[in-house]
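Visitor: For reference, the structure I am asking about is given below.
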Amino acid sequence: MAIELDNSFTVPVPPEQAWDVLLDVERIAPCMPGASVTSVEGDQIEGQVKVKLGPLSLTYKGTAKFTEKDEASHTIAIEATGKETRGAGTASANVQASLKPDGAGTLVSIHTSLNVTGRPAQFGRSLLPEVSGKLIGEFASNLAALIGADSATGTESADSADAESGHSPAATATPAPAVKREESLNAFRFVVVPVLKRVIPVAAIGAAIAVVIRRLTRKKS
């Protein structure tokens with residue numbers, strides 16, 4: 001099943017700084033739930049993604065490589081392929097990302113051409129965009145925490161230098177939140193819960209209508 005996905009998120013640093021962070025794949029991989037990097041050689045990355053859906057656990061292993069890194073325009077292109085370690089399912093993606101100034105921060109826009117086979121394809125074309133949106137949201141939140149930790153460390157280093165040179169620090173740095181590391185992507189939260197949120201209200205309305213009709217029928221009888 002092939003699908004086109006568009007997502008975006010913001011990070012609290014200018015594009016020049018965000019560019020360096022986003023290219024550090026080994027460092028930012030833990031920001032994506034279930035993802036880990038096993039090796040990096042030049043522009044090629046090997047890694048895996050663990051997915052859990054109720055009692056079903058899947059692990060994809062594969063490779064990704066940068067096919068474009070244009071620092072002048074702040075655009076990135078990546079090709080990725082993966083295969084289930086205990087099944088016949090496969091996944092491949094072409095990802096294009098661009099970084100644009102957004103106030104004091106950066107807007108990261110991502111377009112993904114995704115093709116999946118096997119059990120994940122059963123999620124359906126209508127649910128995959130919702131799942132990807134939730135994933136990008138968590139990734140962005142964790143990435144912002146990572147960047148915040150860097151900023152806090154930088155501030156503390158500057159304050160320490162000021163103290164050693166006899167200058168009083170302007171403010172005390174507040175420790176940034178740690179990145180939330182998830183060993184596997186719990187797709188249940190992204191797939192089943194959203195479906196229930198849509199189905200339950202509809203089911204409740206249907207039940208209420210059925211009760212009204214039954215009561216009216218009894219009165220006529």
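By convention in this document, the chains of the structure tokens carry letters A, B, ... by their order, each chain's residues are numbered from 1, and ligands are numbered from 1 in the order they are shown.
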Within 7 Å of stretch 128-147 of chain A, which residues of stretch 21-82 of chain A come that close, and what is the closest atom pair and distance in Å for each? Count only C-alpha atoms and give it as a Markdown table.

Guide:
```
| residue | atom | partner | partner_atom | distance |
| --- | --- | --- | --- | --- |
| A:Ile28 | CA | A:Leu143 | CA | 7.0 |
| A:Cys31 | CA | A:Asn142 | CA | 5.1 |
| A:Met32 | CA | A:Phe139 | CA | 4.9 |
```

Visitor: Please produce a file of the residues just selected, as a PDB file, in the first residue's frame, where the atoms kept are C-alpha atoms.

Guide:
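This went into again_33.pdb:
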```
ATOM      1  CA  ILE A  28      18.189  12.347  17.571  1.00  0.00           C
ATOM      2  CA  CYS A  31      13.516  11.073  19.983  1.00  0.00           C
ATOM      3  CA  MET A  32      11.422   8.861  17.677  1.00  0.00           C
TER       4      MET A  32
END
```

Visitor: Please provide the set of residues having any atom within 9 Å of A:Glu26, restricted to only C-alpha atoms, with same-chain residues fewer than 6 positions apart removed, written as a VMD selection string.

Guide: chain A and resid 36 to 40 45

Visitor: Just the selected residues (C-alpha atoms), exported as a CSV table (one decimal), in the first residue's frame, please.

Guide:
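This went into part_2.csv:
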```
chain,number,residue,atom,x,y,z
A,36,SER,CA,17.4,3.1,17.2
A,37,VAL,CA,20.5,3.4,15.1
A,38,THR,CA,23.0,0.5,15.0
A,39,SER,CA,25.6,2.0,12.7
A,40,VAL,CA,26.4,5.1,10.6
A,45,ILE,CA,22.5,4.6,8.4
```

Visitor: For a test of reading the model, state the distance in Å between atom CA of A:Thr117 and atom CA of A:Asp43, rounded to one decimal.

Guide: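 Computed distance, atom CA of A:Thr117 to atom CA of A:Asp43, equals 26.1 Å.
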
Visitor: Excluding A:Val11 and any residue of its chain fewer than 5 positions from it, enumerate the residues within 7 Å of it, using only C-alpha atoms, and give them as a list of chain:residue names.

Guide: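 Close residues of A:Val11: A:Gly105, A:Thr106, A:Leu107, A:Ala144.
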
Visitor: Taking N, CA and C atoms for each residue, export the selection above as a PDB file, in the first residue's frame.

Guide:
```
ATOM      1  N   GLY A 105      12.306  30.522  15.858  1.00  0.00           N
ATOM      2  CA  GLY A 105      12.577  29.103  15.707  1.00  0.00           C
ATOM      3  C   GLY A 105      12.617  28.672  14.253  1.00  0.00           C
ATOM      4  N   THR A 106      12.355  27.377  14.042  1.00  0.00           N
ATOM      5  CA  THR A 106      12.421  26.795  12.705  1.00  0.00           C
ATOM      6  C   THR A 106      11.211  25.904  12.460  1.00  0.00           C
ATOM      7  N   LEU A 107      10.599  26.052  11.294  1.00  0.00           N
ATOM      8  CA  LEU A 107       9.528  25.172  10.861  1.00  0.00           C
ATOM      9  C   LEU A 107      10.128  24.086   9.988  1.00  0.00           C
ATOM     10  N   ALA A 144      12.564  18.972  20.940  1.00  0.00           N
ATOM     11  CA  ALA A 144      12.591  20.264  21.620  1.00  0.00           C
ATOM     12  C   ALA A 144      13.230  20.131  23.005  1.00  0.00           C
TER      13      ALA A 144
END
```

Visitor: Check which residues of stretch 88-124 of chain A sit at most 8 Å from stretch 71-84 of chain A using only C-alpha atoms, and return one row each with the closest pair of atoms and their distance in Å to one decimal, ordered by chain and rising number, as a tab-separated table.

Guide:
```
residue	atom	partner	partner_atom	distance
A:Ala88	CA	A:Glu84	CA	6.2
A:Gly89	CA	A:Glu84	CA	5.4
A:Thr90	CA	A:Lys83	CA	4.4
A:Ala91	CA	A:Gly82	CA	5.2
A:Ser92	CA	A:Thr81	CA	4.2
A:Ala93	CA	A:Ala80	CA	5.2
A:Asn94	CA	A:Glu79	CA	4.7
A:Val95	CA	A:Ile78	CA	5.0
A:Gln96	CA	A:Ala77	CA	4.4
A:Ala97	CA	A:Ile76	CA	5.1
A:Ser98	CA	A:Thr75	CA	4.4
A:Leu99	CA	A:His74	CA	5.4
A:Lys100	CA	A:His74	CA	7.6
```

Visitor: Mind writing the picked residues with N, CA and C atoms as a PDB file, in the first residue's frame?

Guide:
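Listed below is the output, selection.pdb:
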```
ATOM      1  N   ALA A  88       7.117 -11.359   6.458  1.00  0.00           N
ATOM      2  CA  ALA A  88       7.375 -11.020   5.063  1.00  0.00           C
ATOM      3  C   ALA A  88       7.085  -9.557   4.760  1.00  0.00           C
ATOM      4  N   GLY A  89       6.684  -8.793   5.771  1.00  0.00           N
ATOM      5  CA  GLY A  89       6.329  -7.398   5.543  1.00  0.00           C
ATOM      6  C   GLY A  89       7.546  -6.538   5.238  1.00  0.00           C
ATOM      7  N   THR A  90       7.334  -5.523   4.411  1.00  0.00           N
ATOM      8  CA  THR A  90       8.402  -4.593   4.064  1.00  0.00           C
ATOM      9  C   THR A  90       7.893  -3.163   4.179  1.00  0.00           C
ATOM     10  N   ALA A  91       8.836  -2.244   4.231  1.00  0.00           N
ATOM     11  CA  ALA A  91       8.487  -0.829   4.258  1.00  0.00           C
ATOM     12  C   ALA A  91       9.579  -0.051   3.533  1.00  0.00           C
ATOM     13  N   SER A  92       9.181   0.929   2.748  1.00  0.00           N
ATOM     14  CA  SER A  92      10.135   1.794   2.070  1.00  0.00           C
ATOM     15  C   SER A  92       9.579   3.211   2.067  1.00  0.00           C
ATOM     16  N   ALA A  93      10.491   4.159   2.070  1.00  0.00           N
ATOM     17  CA  ALA A  93      10.044   5.557   2.140  1.00  0.00           C
ATOM     18  C   ALA A  93      11.057   6.472   1.466  1.00  0.00           C
ATOM     19  N   ASN A  94      10.539   7.482   0.798  1.00  0.00           N
ATOM     20  CA  ASN A  94      11.336   8.602   0.307  1.00  0.00           C
ATOM     21  C   ASN A  94      10.886   9.824   1.092  1.00  0.00           C
ATOM     22  N   VAL A  95      11.820  10.437   1.783  1.00  0.00           N
ATOM     23  CA  VAL A  95      11.488  11.547   2.683  1.00  0.00           C
ATOM     24  C   VAL A  95      12.198  12.816   2.216  1.00  0.00           C
ATOM     25  N   GLN A  96      11.442  13.893   2.127  1.00  0.00           N
ATOM     26  CA  GLN A  96      12.013  15.202   1.800  1.00  0.00           C
ATOM     27  C   GLN A  96      11.651  16.164   2.921  1.00  0.00           C
ATOM     28  N   ALA A  97      12.659  16.827   3.463  1.00  0.00           N
ATOM     29  CA  ALA A  97      12.441  17.762   4.562  1.00  0.00           C
ATOM     30  C   ALA A  97      13.060  19.116   4.231  1.00  0.00           C
ATOM     31  N   SER A  98      12.381  20.167   4.663  1.00  0.00           N
ATOM     32  CA  SER A  98      12.900  21.521   4.457  1.00  0.00           C
ATOM     33  C   SER A  98      12.776  22.316   5.754  1.00  0.00           C
ATOM     34  N   LEU A  99      13.733  23.196   5.993  1.00  0.00           N
ATOM     35  CA  LEU A  99      13.762  24.013   7.201  1.00  0.00           C
ATOM     36  C   LEU A  99      13.566  25.478   6.813  1.00  0.00           C
ATOM     37  N   LYS A 100      12.606  26.135   7.444  1.00  0.00           N
ATOM     38  CA  LYS A 100      12.318  27.532   7.164  1.00  0.00           C
ATOM     39  C   LYS A 100      12.249  28.312   8.473  1.00  0.00           C
TER      40      LYS A 100
END
```

Visitor: Please list as a ChimeraX atom specification every residue within 9 Å of A:Glu4, counting only C-alpha atoms and excluding residues in the same chain fewer than 4 positions away.

Guide: /A:111-115,129

Visitor: Please measure the separation of atom CA of A:Pro33 and atom CA of A:Lys61, giving the value in Å to one decimal.

Guide: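 According to the coordinates, atom CA of A:Pro33 and atom CA of A:Lys61 are separated by 14.8 Å.
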
Visitor: Of the candidates A:Ser57, A:Asp6, A:Lys69, A:Thr63, which shows the shortest atom-to-atom distance to A:Asp20, using only C-alpha atoms?

Guide: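 Counting only C-alpha atoms, the residue closest to A:Asp20 is A:Lys69.
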
Visitor: Between A:Met1, A:Gly34, A:Ser8, A:Trp19, which residue has the minimum interatomic distance to A:Lys52, considering only C-alpha atoms?

Guide: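 Ranked by minimum distance to A:Lys52, first place goes to A:Gly34.
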
Visitor: Report the distance between atom CA of A:Asp150 and atom CA of A:Leu22 in Å, rounded to one decimal place.

Guide: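 Between atom CA of A:Asp150 and atom CA of A:Leu22 the gap works out to 13.5 Å.
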